[in-house]
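Only one structure is covered here, and it is reproduced in the block below.
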Amino acid sequence: MERDEWLNRRTHGDGVVELQLGRAPDNRLSGDFLRDFEHEIRALSADPEVRSILLTSPFKDFSVGIDPEIEEPDSIAAELNGAFLALYACPKPVVVATLGLSSGAGMFFILASDLRVSHARGAFEMIEVQQGKVFPVALMEIARAVLDTNTQRRLMLTGQRLGPIAARNAQFIEIIADDLQDLHGYALKEARKLAALPQEAYAAIKRDLRADCIARIESLLDGALMPQATGSRLAG
Amino acid sequence: MERDEWLNRRTHGDGVVELQLGRAPDNRLSGDFLRDFEHEIRALSADPEVRSILLTSPFKDFSVGIDPEIEEPDSIAAELNGAFLALYACPKPVVVATLGLSSGAGMFFILASDLRVSHARGAFEMIEVQQGKVFPVALMEIARAVLDTNTQRRLMLTGQRLGPIAARNAQFIEIIADDLQDLHGYALKEARKLAALPQEAYAAIKRDLRADCIARIESLLDGALMPQATGSRLAG
Amino acid sequence: MERDEWLNRRTHGDGVVELQLGRAPDNRLSGDFLRDFEHEIRALSADPEVRSILLTSPFKDFSVGIDPEIEEPDSIAAELNGAFLALYACPKPVVVATLGLSSGAGMFFILASDLRVSHARGAFEMIEVQQGKVFPVALMEIARAVLDTNTQRRLMLTGQRLGPIAARNAQFIEIIADDLQDLHGYALKEARKLAALPQEAYAAIKRDLRADCIARIESLLDGALMPQATGSRLAG
């Protein structure tokens with residue numbers, strides 16, 4: 001499968017670009033898919049014509065996480081780190097429209113973005129702890145930066161599944177579309193509003209808010225700090 | 001205009017001092033006003049007779065932020081940093097009674113204080129991103145320390161205006177006075193309660209809670225860390 | 001009184017161990033009691049048979065904090081730091097079942113654990129600021145890591161007492177048992193669920209989430225950083 005098939009760009013005018021995650025049947029994550037996603041995000045980040053990015057899925061689930069056929073999740077830790085660090089550090093506004101299940105590493109499309117719209121039947125979980133897996137460095141640091149400690153415990157230390165209301169209370173979903181037909185429109189409307197903001201100020205404020213976390217991830221990936229906290233552990 | 005005119009002290013007994021922000025018509029911020037505010041806060045901080053501070057506004061708005069006549073907001077970045085670092089680091093309890101609009105840099109009277117009472121028609125916004133402006137160092141770091149990441153995004157990356165209920169849910173307003181006539185009384189009552197606490201313990205606990213953020217601001221202002229994250233950028 | 005009398009272990013099968021805090025009449029904290037608690041937690045942490053820990057109290061209160069007969073709270077700062085750092089760094093899941101009053105240093109059995117069940121008549125307070133006392137290093141850092149800034153202010157800078165609903169809203173209580181007879185059963189059920197998770201992954205994720213705070217406490221205790229922020233201050 002080629003990049004053209006599983007990552008489709010669609011332009012909506014005024015600098016709004018939709019990036020559809022299209023790895024059938026449920027956006028399970030492979031090394032190639034993650035590498036192509038990182039490549040696309042970096043290209044969109046650098047393109048002066050792009051003023052906001054909208055992430056969507058054409059399937060009934062948003063992303064179920066690492067492809068279950070990958071026996072050794074560690075083998076794609078580098079791709080996971082690369083993809084989600086690129087998304088978290090993206091200087092443009094990123095809106096995500098989620099539906100169905102967002103699970104495991106697939107949750108980081110949500111956590112690393114700026115504004116999240118969910119269908120009312122969405123479900124959110126980070127079941128690594130139940131599977132005996134740990135989080136690669138970038139994912140752990142993004143989760144620590146984005147989630148409050150109580151939500152970290154609920155999601156990451158119990159593997160509990162949350163619905164969209166609980167997710168909104170936990171502050172990682174902002175808007176809920178009761179009707180699936182409204183989901184795309186609601187998310188696109190937010191992407192348009194963000195596209196209208198002055199780009200350089202948006203990028204500067206976003207960078208200042210996230211600079212610590214990004215610097216920390218880069219240090220950890222460079223092995224400068226805490227060499228034990230890498231994605232290279234497998235347990236359970 | 002002289003300091004005596006735009007910053008009025010009023011003593012309420014038991015060590016409670018009200019500092020009325022009185023720069024007509026809406027406490028727009030100029031370099032002189034901020035310098036005088038910093039001077040007053042430092043004087044109150046050092047005065048052993050002062051046991052708690054109450055910030056109020058006699059106008060229909062609390063503070064609309066930087067004076068719109070200042071064409072180059074960067075020109076008062078040093079004064080903004082000085083004023084709000086002094087307030088955030090003040091060892092005494094600080095209560096604020098807000099009404100009407102608190103906008104932009106004016107929000108930091110609220111964020112840097114300890115207990116916030118709002119009139120039920122209060123409104124809160126940080127519209128720098130819409131104006132293409134960034135936050136000076138001290139303001140960015142105080143916002144990062146005080147607001148959760150979701151509220152940071154809503155206020156600082158969209159410029160959304162919040163009412164007092166949303167502000168209470170976002171945990172930067174604690175008490176709402178439905179009736180404007182109750183606002184001052186409610187806030188004064190809280191200031192009296194805080195004035196009754198042992199002063200040294202209060203100062204020590206407050207310092208321990210905030211020491212990291214204050215040290216970080218001082219490092220950034222000294223240019224030791226992250227020289228790019230200064231208030232000297234203008235964008236948009 | 002001997003350790004056997006005031007810390008009772010009870011095994012519930014499947015690796016679930018209950019540790020009953022039994023210093024009559026209300027688990028007031030003394031140096032000996034804290035040292036024995038630390039010793040027990042370290043032993044449970046190291047025991048491969050133990051898969052989760054449940055902390056309970058047989059009294060009408062969970063823990064009222066430092067023994068009021070201790071005139072100089074600083075004299076047990078080292079024991080407070082040792083006990084609660086051991087609990088916060090424990091690699092096993094820790095569930096706590098609270099009832100009645102949890103006050104002052106006694107709050108840290110709750111804050112340093114992983115999942116908290118409270119009786120509906122529980123009450124929570126950190127009244128050090130009212131008593132003119134400061135927090136030893138480990139307790140201050142755990143509170144800063146676990147509580148949001150608004151809750152830090154409410155609990156630590158006013159000494160306000162919270163009920164279980166407010167505590168759940170402030171996200172340091174997860175489950176409320178309306179009936180006292182359900183409290184133990186609810187908490188045991190959670191401890192069993194956590195005992196069923198893969199142990200190594202649980203320990204690794206918990207360590208990654210808390211590593212920063214623990215490293216910081218250890219640095220502060222070593223006097224490497226910020227020598228002023230120790231538990232050796234008494235004020236008021």
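Just remember, in the structure tokens the first chain shown is A, the second B, etc., residues are 1-based per chain, and ligands are 1-based in the order shown.
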Could you list, as an MDAnalysis selection string, every residue of chain C that has an atom within 9 Å of an atom of chain B, counting only C-alpha atoms?
chainID C and resid 128:135 140:141 144 148:154 156:158 229 233:236
Exercise: Ala138 of chain C partners within 12 Å, only C-alpha atoms, chain neighbours under 4 positions left out, as a PyMOL selection string:
(chain B and resi 208) or (chain C and resi 77-89+105+108+111-112+134+142-145+213-222+229-231)
Give me, please, the distance in Å between atom CA of Asp179 of chain C and atom CA of Arg9 of chain C, quoted to one decimal.
24.3 Å
Applying 8 Å and only C-alpha atoms, which residues near Val16 of chain B remain after dropping the ones on its own chain fewer than 4 positions away? List them as a PyMOL selection string.
chain B and resi 11-12+50-54+191-192+195
Could you take the residues named above and write them with N, CA and C atoms, as an mmCIF file, in the first residue's frame?
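Result file is part.cif:
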```cif
data_model
loop_
_atom_site.group_PDB
_atom_site.id
_atom_site.type_symbol
_atom_site.label_atom_id
_atom_site.label_comp_id
_atom_site.auth_asym_id
_atom_site.auth_seq_id
_atom_site.Cartn_x
_atom_site.Cartn_y
_atom_site.Cartn_z
ATOM 1 N N THR B 11 -7.066 50.899 54.237
ATOM 2 C CA THR B 11 -6.845 49.869 55.255
ATOM 3 C C THR B 11 -8.180 49.485 55.886
ATOM 4 N N HIS B 12 -8.339 48.179 56.113
ATOM 5 C CA HIS B 12 -9.605 47.674 56.658
ATOM 6 C C HIS B 12 -9.432 47.092 58.052
ATOM 7 N N VAL B 50 1.186 44.466 57.113
ATOM 8 C CA VAL B 50 0.216 44.014 56.105
ATOM 9 C C VAL B 50 0.067 42.500 56.187
ATOM 10 N N ARG B 51 -1.160 42.040 56.382
ATOM 11 C CA ARG B 51 -1.392 40.595 56.520
ATOM 12 C C ARG B 51 -2.165 40.005 55.345
ATOM 13 N N SER B 52 -2.863 40.823 54.588
ATOM 14 C CA SER B 52 -3.443 40.337 53.329
ATOM 15 C C SER B 52 -3.772 41.538 52.452
ATOM 16 N N ILE B 53 -3.825 41.271 51.133
ATOM 17 C CA ILE B 53 -4.002 42.337 50.145
ATOM 18 C C ILE B 53 -5.250 42.031 49.324
ATOM 19 N N LEU B 54 -6.052 43.059 49.095
ATOM 20 C CA LEU B 54 -7.265 42.920 48.295
ATOM 21 C C LEU B 54 -7.164 43.859 47.102
ATOM 22 N N ALA B 191 -10.371 38.029 52.423
ATOM 23 C CA ALA B 191 -9.099 38.672 52.776
ATOM 24 C C ALA B 191 -8.903 38.681 54.292
ATOM 25 N N ARG B 192 -10.002 38.879 55.032
ATOM 26 C CA ARG B 192 -9.900 38.862 56.501
ATOM 27 C C ARG B 192 -9.536 37.465 57.010
ATOM 28 N N ALA B 195 -5.967 36.896 56.377
ATOM 29 C CA ALA B 195 -5.127 37.729 57.253
ATOM 30 C C ALA B 195 -4.951 37.101 58.629
#
```
Can you pull out every residue within 6 Å of Gly104 of chain C, counting only C-alpha atoms, but drop anything in the same chain fewer than 6 positions away, and send it as a PyMOL selection string?
chain C and resi 65+126-127
Taking only segment 24-137 of chain A into account, list the residues labelled strand (DSSP E) by DSSP (computed from the backbone), as a ChimeraX atom specification.
/A:28-29,52-56,65-66,94-98,101-103,115-119,123-125
Sel. of alpha helix (DSSP H) residues, segment 69-153 of chain B, as a ChimeraX atom specification:
/B:77-88,108-111,128-131,137-146,149-153
Pick out the residues sitting within 12 Å of Leu21 of chain C, and hand them over as number ranges by chain; count only C-alpha atoms, and ignore anything fewer than 2 positions along from it in its own chain.
C: 3-10, 18-19, 23-29, 33-34, 36-38, 40-41, 54-63, 96-98, 106, 109
Those same residues, written as a compact mmCIF listing (two decimals), in the first residue's frame with N, CA, C and O atoms?
```
# COMPACT_ATOMS: atom_id res chain seq x y z
N ARG C 3 5.37 -3.24 66.34
CA ARG C 3 4.89 -3.19 64.96
C ARG C 3 3.73 -4.16 64.73
O ARG C 3 2.77 -3.86 64.05
N ASP C 4 3.80 -5.34 65.35
CA ASP C 4 2.75 -6.33 65.15
C ASP C 4 1.40 -5.81 65.60
O ASP C 4 0.36 -6.26 65.13
N GLU C 5 1.45 -4.89 66.53
CA GLU C 5 0.18 -4.40 67.06
C GLU C 5 -0.40 -3.28 66.20
O GLU C 5 -1.60 -3.14 66.09
N TRP C 6 0.45 -2.44 65.65
CA TRP C 6 -0.11 -1.27 64.98
C TRP C 6 -0.06 -1.32 63.46
O TRP C 6 -0.56 -0.43 62.80
N LEU C 7 0.54 -2.35 62.90
CA LEU C 7 0.46 -2.53 61.44
C LEU C 7 0.16 -4.01 61.18
O LEU C 7 1.03 -4.86 61.33
N ASN C 8 -1.08 -4.28 60.85
CA ASN C 8 -1.48 -5.67 60.67
C ASN C 8 -1.64 -6.01 59.20
O ASN C 8 -2.38 -5.35 58.49
N ARG C 9 -0.96 -7.07 58.79
CA ARG C 9 -1.11 -7.56 57.42
C ARG C 9 -2.20 -8.61 57.36
O ARG C 9 -2.29 -9.47 58.24
N ARG C 10 -2.97 -8.56 56.30
CA ARG C 10 -3.98 -9.60 56.11
C ARG C 10 -3.96 -9.92 54.61
O ARG C 10 -3.99 -9.01 53.78
N GLU C 18 -3.73 -6.63 52.52
CA GLU C 18 -4.25 -5.47 53.24
C GLU C 18 -3.29 -5.10 54.36
O GLU C 18 -2.82 -5.97 55.09
N LEU C 19 -2.97 -3.82 54.46
CA LEU C 19 -2.14 -3.34 55.56
C LEU C 19 -3.02 -2.41 56.39
O LEU C 19 -3.40 -1.33 55.93
N ARG C 23 -2.80 2.27 64.77
CA ARG C 23 -2.30 2.97 65.97
C ARG C 23 -3.47 3.68 66.64
O ARG C 23 -3.89 4.77 66.22
N ALA C 24 -4.01 3.07 67.69
CA ALA C 24 -5.17 3.63 68.38
C ALA C 24 -4.82 4.99 68.98
O ALA C 24 -3.66 5.22 69.34
N PRO C 25 -5.80 5.91 69.06
CA PRO C 25 -7.19 5.70 68.64
C PRO C 25 -7.50 6.21 67.24
O PRO C 25 -8.60 5.99 66.76
N ASP C 26 -6.54 6.85 66.55
CA ASP C 26 -6.90 7.55 65.32
C ASP C 26 -5.72 7.68 64.35
O ASP C 26 -5.67 8.59 63.55
N ASN C 27 -4.78 6.72 64.46
CA ASN C 27 -3.60 6.75 63.58
C ASN C 27 -2.89 8.10 63.59
O ASN C 27 -2.47 8.60 62.55
N ARG C 28 -2.74 8.66 64.78
CA ARG C 28 -1.86 9.83 64.88
C ARG C 28 -0.44 9.35 64.62
O ARG C 28 -0.06 8.23 64.96
N LEU C 29 0.35 10.19 63.99
CA LEU C 29 1.65 9.76 63.47
C LEU C 29 2.78 10.09 64.44
O LEU C 29 2.96 11.25 64.84
N PHE C 33 5.94 4.91 64.48
CA PHE C 33 4.86 4.40 63.63
C PHE C 33 5.23 4.61 62.15
O PHE C 33 5.08 3.72 61.31
N LEU C 34 5.73 5.80 61.83
CA LEU C 34 6.11 6.11 60.45
C LEU C 34 7.27 5.23 59.99
O LEU C 34 7.29 4.74 58.85
N ASP C 36 8.00 2.25 61.06
CA ASP C 36 7.49 0.89 60.84
C ASP C 36 6.66 0.82 59.57
O ASP C 36 6.71 -0.17 58.83
N PHE C 37 5.89 1.87 59.29
CA PHE C 37 5.11 1.90 58.06
C PHE C 37 6.05 1.86 56.85
O PHE C 37 5.85 1.09 55.91
N GLU C 38 7.09 2.68 56.88
CA GLU C 38 8.05 2.67 55.76
C GLU C 38 8.65 1.27 55.59
O GLU C 38 8.77 0.77 54.46
N GLU C 40 7.38 -1.62 56.39
CA GLU C 40 6.37 -2.52 55.82
C GLU C 40 6.19 -2.29 54.32
O GLU C 40 6.10 -3.22 53.52
N ILE C 41 6.10 -1.01 53.94
CA ILE C 41 5.89 -0.69 52.51
C ILE C 41 7.08 -1.15 51.68
O ILE C 41 6.93 -1.72 50.60
N LEU C 54 -3.64 -2.84 49.96
CA LEU C 54 -4.84 -2.12 50.38
C LEU C 54 -4.59 -1.53 51.77
O LEU C 54 -4.32 -2.28 52.71
N LEU C 55 -4.65 -0.21 51.88
CA LEU C 55 -4.46 0.46 53.18
C LEU C 55 -5.81 0.74 53.82
O LEU C 55 -6.68 1.35 53.19
N THR C 56 -5.97 0.33 55.08
CA THR C 56 -7.24 0.54 55.78
C THR C 56 -6.98 1.00 57.22
O THR C 56 -5.87 0.91 57.71
N SER C 57 -8.04 1.49 57.84
CA SER C 57 -7.99 1.86 59.25
C SER C 57 -9.16 1.20 59.97
O SER C 57 -10.29 1.24 59.46
N PRO C 58 -8.95 0.62 61.15
CA PRO C 58 -10.06 0.01 61.89
C PRO C 58 -10.80 1.03 62.76
O PRO C 58 -11.77 0.68 63.42
N PHE C 59 -10.34 2.28 62.75
CA PHE C 59 -10.89 3.28 63.67
C PHE C 59 -11.97 4.10 62.97
O PHE C 59 -12.24 3.91 61.80
N LYS C 60 -12.55 5.05 63.70
CA LYS C 60 -13.56 5.88 63.05
C LYS C 60 -12.94 6.99 62.18
O LYS C 60 -13.61 7.56 61.32
N ASP C 61 -11.66 7.28 62.42
CA ASP C 61 -10.94 8.21 61.54
C ASP C 61 -9.82 7.48 60.82
O ASP C 61 -9.29 6.48 61.33
N PHE C 62 -9.45 8.00 59.64
CA PHE C 62 -8.39 7.32 58.90
C PHE C 62 -7.01 7.67 59.47
O PHE C 62 -6.23 6.80 59.81
N SER C 63 -6.71 8.95 59.57
CA SER C 63 -5.48 9.39 60.24
C SER C 63 -5.56 10.88 60.49
O SER C 63 -5.78 11.67 59.57
N VAL C 96 -6.46 2.77 48.74
CA VAL C 96 -6.69 3.19 50.12
C VAL C 96 -8.19 3.33 50.34
O VAL C 96 -8.92 3.77 49.45
N ALA C 97 -8.64 2.86 51.51
CA ALA C 97 -10.05 2.98 51.90
C ALA C 97 -10.10 3.94 53.08
O ALA C 97 -9.68 3.60 54.18
N THR C 98 -10.60 5.18 52.84
CA THR C 98 -10.59 6.17 53.90
C THR C 98 -11.97 6.34 54.52
O THR C 98 -12.99 6.17 53.85
N GLY C 106 -1.58 13.04 57.62
CA GLY C 106 -2.37 11.84 57.36
C GLY C 106 -2.97 11.81 55.96
O GLY C 106 -3.32 10.75 55.43
N PHE C 109 -1.24 9.48 53.05
CA PHE C 109 -1.58 8.09 52.73
C PHE C 109 -2.46 8.07 51.48
O PHE C 109 -2.38 7.17 50.66
```
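Distance check against Ile70 of chain C using only C-alpha atoms: of C:Gly13, C:Gly22, C:Gly31, C:Gly185, the minimum falls on C:Gly31.
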Taking only C-alpha atoms into account, name the residue in A:Leu155, A:Ala120, A:Cys90, A:Ala166 that is nearest to Ala43 of chain A.
A:Cys90
Which residue of B:Ala187, B:Val137, B:Val95, B:Val117 approaches Pro164 of chain B most closely, using only C-alpha atoms
B:Val117
Using only C-alpha atoms for the distances, tell me which of C:Lys92, C:Gly159, C:Ile76, C:Asp67 is nearest to Arg42 of chain C.
C:Lys92
Quick one: distance from atom CA of Val94 of chain C to atom CA of Glu125 of chain A in Å, one decimal?
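Going from atom CA of Val94 of chain C over to atom CA of Glu125 of chain A covers 21.3 Å.
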